[in-house]
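Structure below is model-v7.pdb: PDB, C-alpha atoms and all ligand atoms.
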```
ATOM      1  CA  MET L 255      -5.568  93.652  41.255  1.00  0.00           C
ATOM      2  CA  GLN L 256      -8.858  94.937  39.946  1.00  0.00           C
ATOM      3  CA  LEU L 257      -9.929  98.271  41.419  1.00  0.00           C
ATOM      4  CA  PRO L 258     -13.476  99.588  41.892  1.00  0.00           C
ATOM      5  CA  ILE L 259     -14.449 102.168  39.256  1.00  0.00           C
ATOM      6  CA  LEU L 260     -16.052 105.284  40.710  1.00  0.00           C
ATOM      7  CA  THR L 261     -19.096 106.742  39.006  1.00  0.00           C
ATOM      8  CA  MET L 262     -20.678 110.169  39.064  1.00  0.00           C
ATOM      9  CA  PRO L 263     -21.263 112.085  41.263  1.00  0.00           C
ATOM     10  CA  HIS L 264     -18.159 110.983  43.232  1.00  0.00           C
ATOM     11  CA  PRO L 265     -16.209 114.153  44.197  1.00  0.00           C
ATOM     12  CA  VAL L 266     -12.786 112.712  43.183  1.00  0.00           C
ATOM     13  CA  LEU L 267     -14.030 112.704  39.575  1.00  0.00           C
ATOM     14  CA  THR L 268     -14.459 116.482  39.522  1.00  0.00           C
ATOM     15  CA  THR L 269     -11.211 117.332  41.354  1.00  0.00           C
ATOM     16  CA  PRO L 270      -8.089 118.323  39.357  1.00  0.00           C
ATOM     17  CA  CYS L 271      -5.275 115.773  39.852  1.00  0.00           C
ATOM     18  CA  ALA L 272      -1.772 116.367  41.185  1.00  0.00           C
ATOM     19  CA  PRO L 273       1.318 115.570  39.088  1.00  0.00           C
ATOM     20  CA  VAL L 274       3.237 112.366  39.906  1.00  0.00           C
ATOM     21  CA  PRO L 275       6.527 113.527  41.480  1.00  0.00           C
ATOM     22  CA  GLN L 276       8.479 110.320  40.807  1.00  0.00           C
ATOM     23  CA  VAL L 277       7.936 107.008  39.036  1.00  0.00           C
ATOM     24  CA  THR L 278       8.170 104.497  41.862  1.00  0.00           C
ATOM     25  CA  GLU L 279       7.438 100.782  42.203  1.00  0.00           C
ATOM     26  CA  ASP L 280       4.117 101.776  43.808  1.00  0.00           C
ATOM     27  CA  ILE L 281       3.193 103.833  40.720  1.00  0.00           C
ATOM     28  CA  ARG L 282       4.151 100.937  38.419  1.00  0.00           C
ATOM     29  CA  ARG L 283       1.980  98.550  40.429  1.00  0.00           C
ATOM     30  CA  PHE L 284      -0.868 101.073  40.382  1.00  0.00           C
ATOM     31  CA  LEU L 285      -0.613 101.402  36.574  1.00  0.00           C
ATOM     32  CA  GLN L 286      -0.752  97.611  36.229  1.00  0.00           C
ATOM     33  CA  ASP L 287      -3.883  97.578  38.401  1.00  0.00           C
ATOM     34  CA  MET L 288      -5.373 100.312  36.225  1.00  0.00           C
ATOM     35  CA  VAL L 289      -4.685  98.290  33.040  1.00  0.00           C
ATOM     36  CA  GLU L 290      -6.278  95.192  34.584  1.00  0.00           C
ATOM     37  CA  THR L 291      -9.296  97.225  35.733  1.00  0.00           C
ATOM     38  CA  MET L 292      -9.696  98.804  32.267  1.00  0.00           C
ATOM     39  CA  HIS L 293      -9.512  95.400  30.551  1.00  0.00           C
ATOM     40  CA  GLN L 294     -12.009  93.830  32.985  1.00  0.00           C
ATOM     41  CA  ALA L 295     -14.426  96.716  32.405  1.00  0.00           C
ATOM     42  CA  GLY L 296     -14.067  96.476  28.620  1.00  0.00           C
ATOM     43  CA  GLY L 297     -12.840 100.078  28.359  1.00  0.00           C
ATOM     44  CA  ILE L 298     -10.194 101.523  26.023  1.00  0.00           C
ATOM     45  CA  GLY L 299      -8.945 104.114  28.502  1.00  0.00           C
ATOM     46  CA  LEU L 300      -8.925 104.801  32.225  1.00  0.00           C
ATOM     47  CA  ALA L 301      -7.737 107.751  34.301  1.00  0.00           C
ATOM     48  CA  ALA L 302      -6.455 107.507  37.888  1.00  0.00           C
ATOM     49  CA  PRO L 303      -9.283 109.554  39.471  1.00  0.00           C
ATOM     50  CA  GLN L 304     -11.771 106.985  38.114  1.00  0.00           C
ATOM     51  CA  VAL L 305     -10.288 104.520  40.599  1.00  0.00           C
ATOM     52  CA  GLY L 306     -10.027 107.078  43.397  1.00  0.00           C
ATOM     53  CA  HIS L 307      -6.467 108.372  43.017  1.00  0.00           C
ATOM     54  CA  SER L 308      -6.101 112.068  42.274  1.00  0.00           C
ATOM     55  CA  LEU L 309      -2.894 111.603  40.264  1.00  0.00           C
ATOM     56  CA  ARG L 310      -1.985 112.514  36.689  1.00  0.00           C
ATOM     57  CA  CYS L 311      -1.881 108.961  35.246  1.00  0.00           C
ATOM     58  CA  ILE L 312      -3.845 107.405  32.402  1.00  0.00           C
ATOM     59  CA  VAL L 313      -3.811 104.010  30.704  1.00  0.00           C
ATOM     60  CA  MET L 314      -5.102 103.187  27.226  1.00  0.00           C
ATOM     61  CA  ASP L 315      -5.482 100.085  25.097  1.00  0.00           C
ATOM     62  CA  LEU L 316      -7.542 100.199  21.923  1.00  0.00           C
ATOM     63  CA  GLY L 317      -7.258  96.464  21.485  1.00  0.00           C
ATOM     64  CA  ARG L 318      -5.271  94.088  19.350  1.00  0.00           C
ATOM     65  CA  GLY L 319      -4.074  95.650  16.126  1.00  0.00           C
ATOM     66  CA  LEU L 320      -5.385  99.102  16.963  1.00  0.00           C
ATOM     67  CA  GLY L 321      -3.288 101.980  18.219  1.00  0.00           C
ATOM     68  CA  GLY L 322      -0.188  99.976  19.081  1.00  0.00           C
ATOM     69  CA  GLY L 323      -0.987  98.213  22.356  1.00  0.00           C
ATOM     70  CA  ILE L 324      -1.063  99.288  25.977  1.00  0.00           C
ATOM     71  CA  TYR L 325      -0.014 102.818  26.938  1.00  0.00           C
ATOM     72  CA  CYS L 326       0.755 103.853  30.520  1.00  0.00           C
ATOM     73  CA  CYS L 327       1.151 107.631  30.621  1.00  0.00           C
ATOM     74  CA  ILE L 328       2.355 109.582  33.632  1.00  0.00           C
ATOM     75  CA  ASN L 329       1.947 113.379  33.707  1.00  0.00           C
ATOM     76  CA  PRO L 330       0.637 113.389  30.111  1.00  0.00           C
ATOM     77  CA  GLU L 331       0.293 116.665  28.242  1.00  0.00           C
ATOM     78  CA  ILE L 332      -0.947 117.494  24.738  1.00  0.00           C
ATOM     79  CA  VAL L 333       1.829 119.501  23.111  1.00  0.00           C
ATOM     80  CA  ARG L 334       0.393 119.722  19.578  1.00  0.00           C
ATOM     81  CA  HIS L 335      -2.991 119.375  18.019  1.00  0.00           C
ATOM     82  CA  ALA L 336      -4.658 119.796  14.650  1.00  0.00           C
ATOM     83  CA  GLY L 337      -8.066 119.484  13.038  1.00  0.00           C
ATOM     84  CA  ILE L 338     -11.430 118.567  14.490  1.00  0.00           C
ATOM     85  CA  GLN L 339     -13.234 115.247  14.795  1.00  0.00           C
ATOM     86  CA  LYS L 340     -16.767 114.530  16.001  1.00  0.00           C
ATOM     87  CA  ASN L 341     -17.204 110.964  17.184  1.00  0.00           C
ATOM     88  CA  PRO L 342     -19.289 109.356  19.917  1.00  0.00           C
ATOM     89  CA  GLU L 343     -17.547 108.681  23.223  1.00  0.00           C
ATOM     90  CA  GLY L 344     -18.567 106.928  26.408  1.00  0.00           C
ATOM     91  CA  CYS L 345     -17.205 106.903  29.945  1.00  0.00           C
ATOM     92  CA  LEU L 346     -16.877 104.078  32.492  1.00  0.00           C
ATOM     93  CA  SER L 347     -17.768 106.641  35.182  1.00  0.00           C
ATOM     94  CA  ILE L 348     -21.032 107.626  33.430  1.00  0.00           C
ATOM     95  CA  PRO L 349     -22.434 104.215  32.447  1.00  0.00           C
ATOM     96  CA  GLY L 350     -24.840 104.146  29.541  1.00  0.00           C
ATOM     97  CA  ARG L 351     -24.226 107.702  28.366  1.00  0.00           C
ATOM     98  CA  VAL L 352     -22.746 108.504  24.954  1.00  0.00           C
ATOM     99  CA  VAL L 353     -21.940 112.029  23.794  1.00  0.00           C
ATOM    100  CA  THR L 354     -20.494 113.524  20.634  1.00  0.00           C
ATOM    101  CA  ARG L 355     -18.495 116.711  20.930  1.00  0.00           C
ATOM    102  CA  ASP L 356     -15.687 118.510  19.114  1.00  0.00           C
ATOM    103  CA  ARG L 357     -12.296 116.903  19.680  1.00  0.00           C
ATOM    104  CA  PHE L 358      -8.957 117.448  17.974  1.00  0.00           C
ATOM    105  CA  ALA L 359      -8.403 115.085  15.038  1.00  0.00           C
ATOM    106  CA  LYS L 360      -4.668 114.716  15.733  1.00  0.00           C
ATOM    107  CA  VAL L 361      -2.674 115.212  18.909  1.00  0.00           C
ATOM    108  CA  THR L 362       0.899 114.776  20.053  1.00  0.00           C
ATOM    109  CA  LEU L 363       1.105 113.602  23.646  1.00  0.00           C
ATOM    110  CA  ALA L 364       4.216 114.123  25.786  1.00  0.00           C
ATOM    111  CA  TYR L 365       4.393 111.884  28.864  1.00  0.00           C
ATOM    112  CA  THR L 366       6.606 109.803  31.108  1.00  0.00           C
ATOM    113  CA  ASP L 367       6.256 106.043  30.771  1.00  0.00           C
ATOM    114  CA  GLU L 368       6.195 103.437  33.539  1.00  0.00           C
ATOM    115  CA  HIS L 369      10.012 103.154  33.332  1.00  0.00           C
ATOM    116  CA  GLY L 370      10.484 106.882  33.890  1.00  0.00           C
ATOM    117  CA  MET L 371      11.345 107.548  30.210  1.00  0.00           C
ATOM    118  CA  ALA L 372      10.126 110.731  28.496  1.00  0.00           C
ATOM    119  CA  ARG L 373       8.041 109.790  25.459  1.00  0.00           C
ATOM    120  CA  ARG L 374       6.000 111.329  22.683  1.00  0.00           C
ATOM    121  CA  LEU L 375       2.999 109.740  21.007  1.00  0.00           C
ATOM    122  CA  LYS L 376       1.424 111.003  17.788  1.00  0.00           C
ATOM    123  CA  ALA L 377      -2.192 109.931  17.618  1.00  0.00           C
ATOM    124  CA  THR L 378      -5.139 110.268  15.260  1.00  0.00           C
ATOM    125  CA  GLY L 379      -8.706 108.963  15.204  1.00  0.00           C
ATOM    126  CA  LEU L 380      -9.911 106.914  18.164  1.00  0.00           C
ATOM    127  CA  LEU L 381      -6.582 107.038  20.020  1.00  0.00           C
ATOM    128  CA  ALA L 382      -6.522 110.850  19.768  1.00  0.00           C
ATOM    129  CA  LEU L 383     -10.114 110.944  21.039  1.00  0.00           C
ATOM    130  CA  CYS L 384      -9.257 108.607  23.923  1.00  0.00           C
ATOM    131  CA  ILE L 385      -6.250 110.756  24.919  1.00  0.00           C
ATOM    132  CA  GLN L 386      -8.385 113.901  25.087  1.00  0.00           C
ATOM    133  CA  HIS L 387     -11.133 112.158  27.070  1.00  0.00           C
ATOM    134  CA  GLU L 388      -8.673 110.747  29.629  1.00  0.00           C
ATOM    135  CA  LEU L 389      -6.748 114.025  29.969  1.00  0.00           C
ATOM    136  CA  ASP L 390     -10.005 115.814  30.764  1.00  0.00           C
ATOM    137  CA  HIS L 391     -10.439 113.407  33.692  1.00  0.00           C
ATOM    138  CA  LEU L 392      -7.087 114.606  35.100  1.00  0.00           C
ATOM    139  CA  ASP L 393      -8.469 118.136  35.178  1.00  0.00           C
ATOM    140  CA  GLY L 394     -11.679 116.971  36.857  1.00  0.00           C
ATOM    141  CA  ILE L 395     -13.690 117.396  33.658  1.00  0.00           C
ATOM    142  CA  LEU L 396     -16.313 114.845  32.669  1.00  0.00           C
ATOM    143  CA  MET L 397     -17.422 114.486  29.072  1.00  0.00           C
ATOM    144  CA  THR L 398     -20.241 116.812  28.159  1.00  0.00           C
ATOM    145  CA  ALA L 399     -22.154 117.479  24.981  1.00  0.00           C
ATOM    146  CA  GLY L 400     -21.237 120.392  22.741  1.00  0.00           C
TER
HETATM  147 ZN    ZN L 501     -14.187 108.715  31.120  1.00  0.00          ZN
END
```

Please re-express this file's structure in structure tokens.
Ligand code: ZN
Amino acid sequence: MQLPILTMPHPVLTTPCAPVPQVTEDIRRFLQDMVETMHQAGGIGLAAPQVGHSLRCIVMDLGRGLGGGIYCCINPEIVRHAGIQKNPEGCLSIPGRVVTRDRFAKVTLAYTDEHGMARRLKATGLLALCIQHELDHLDGILMTAG
């Protein structure tokens, strides 16, 4: 089911999200809806507050052949980072705006997947950028210049 994407200045977008206590069937269904919504919108990442749920969940899909497919990440946390990259990024919640700011070049993400399994993902380039952008959403932070 496709969900409506909230845009600024909706207050949910600037509110820090709560951790997901347990991976339930409802959470799995919600993640599927998030993936469908992201694909329909042509985005490469989406965070739960962008569809009105103040929960620590993100989904990402860089597209065929890039970054290894669809990721559904529950309670994600960057546990390692290195280097700096500066690349343009956009946001489905701020249509039409592109900013370039300092981001880590490499990150290691620890998260729980949709099956309740603890996972780690090492990412560079666009996937690393996407992770940092989506994690900011979970803290109620929108992309800004600088
Ligand atoms: Zn965004």

message: When the PyMOL selection byres (((not hetatm)) within 10 of (chain L and resi 501)) is applied to the structure above, which residues does it catch, written out as a list in words?
response: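 This file gives the following for the PyMOL selection byres (((not hetatm)) within 10 of (chain L and resi 501)): Thr261, Leu267, Gly297, Ile298, Gly299, Leu300, Ala301, Pro303, Gln304, Glu343, Gly344, Cys345, Leu346, Ser347, Ile348, Pro349, Cys384, Gln386, His387, Glu388, Leu389, Asp390, His391, Ile395, Leu396 and Met397 of chain L.
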
- prompt: Skipping near chain neighbours, those fewer than 4 positions away, what residues fall within 8 Å of L:Val361 using only C-alpha atoms, listed as a list of chain:residue names?
  reply: L:Ile332, L:Val333, L:Arg334, L:His335, L:Ala336, L:Lys376, L:Ala377, L:Thr378, L:Ala382

Show me, as AutoDock Vina command-line options, the centre and edge lengths in Å to one decimal of the axis-aligned box that covers every listed atom of stretch 364-373 of chain L with 8 Å on each side.
```
--center_x 7.8 --center_y 108.6 --center_z 29.7 --size_x 23.1 --size_y 27.0 --size_z 24.4
```

Polymer residues at most 10 Å from L:Asp315, only C-alpha atoms, same-chain spacing of 5 or more positions, as a ChimeraX atom specification: /L:289,292-293,296-300,320-326,381,384

Include C-alpha atoms and write out the residues we just selected as a CSV table (one decimal), in the coordinates of the input.
```
chain,number,residue,atom,x,y,z
L,289,VAL,CA,-4.7,98.3,33.0
L,292,MET,CA,-9.7,98.8,32.3
L,293,HIS,CA,-9.5,95.4,30.6
L,296,GLY,CA,-14.1,96.5,28.6
L,297,GLY,CA,-12.8,100.1,28.4
L,298,ILE,CA,-10.2,101.5,26.0
L,299,GLY,CA,-8.9,104.1,28.5
L,300,LEU,CA,-8.9,104.8,32.2
L,320,LEU,CA,-5.4,99.1,17.0
L,321,GLY,CA,-3.3,102.0,18.2
L,322,GLY,CA,-0.2,100.0,19.1
L,323,GLY,CA,-1.0,98.2,22.4
L,324,ILE,CA,-1.1,99.3,26.0
L,325,TYR,CA,0.0,102.8,26.9
L,326,CYS,CA,0.8,103.9,30.5
L,381,LEU,CA,-6.6,107.0,20.0
L,384,CYS,CA,-9.3,108.6,23.9
```

message: Which residue is closest to L:Arg351? Choose from L:Pro275, L:Thr398, L:Leu257, L:Tyr365 and count all atoms listed in the file.
response: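 Distance minimum relative to L:Arg351 lands on L:Thr398.
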
- prompt: When you draw a straight line from atom CA of L:Leu260 to atom CA of L:Val305, how long is it in Å?
  reply: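 Going from atom CA of L:Leu260 over to atom CA of L:Val305 covers 5.8 Å.
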
- prompt: Given the file above and the PyMOL selection byres (((chain L and resi 375) around 7) and not hetatm), which residues are selected, and can you give them as a list in words?
  reply: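 Checking the PyMOL selection byres (((chain L and resi 375) around 7) and not hetatm) against this file, the residues are Thr362, Leu363, Ala364, Arg373, Arg374, Lys376 and Ala377 of chain L.
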
- request: Find, counting all atoms listed in the file, the residue in L:Ala295, L:Ser308, L:Arg355, L:Ile281 that gets nearest to L:Thr269.
  value: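 Comparing L:Ala295, L:Ser308, L:Arg355, L:Ile281 against L:Thr269, the winner is L:Ser308.
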
task: Grab the atom CA of L:Val353 to atom CA of L:Gln256 distance for me, in Å with one decimal place.
output: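 If I compute the distance from atom CA of L:Val353 to atom CA of L:Gln256, I get 26.9 Å.
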
query: Which value, in Å to one decimal, gives the distance between atom CA of L:Asp356 and atom CA of L:Leu285?
result: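 The value is 28.7 Å.
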
- request: Write out as a PyMOL selection string each polymer residue whose atoms come within 10 Å of L:Arg282, counting only C-alpha atoms; drop sequence neighbours fewer than 6 positions from it.
  value: chain L and resi 288+326+367-370

message: Quick check on the file I pasted: which residues fall under the PyMOL selection byres (((chain L and resi 341) around 10) and not hetatm)? Write them as a ChimeraX atom specification.
response: /L:338-340,342-343,352-357,359,379-380,383
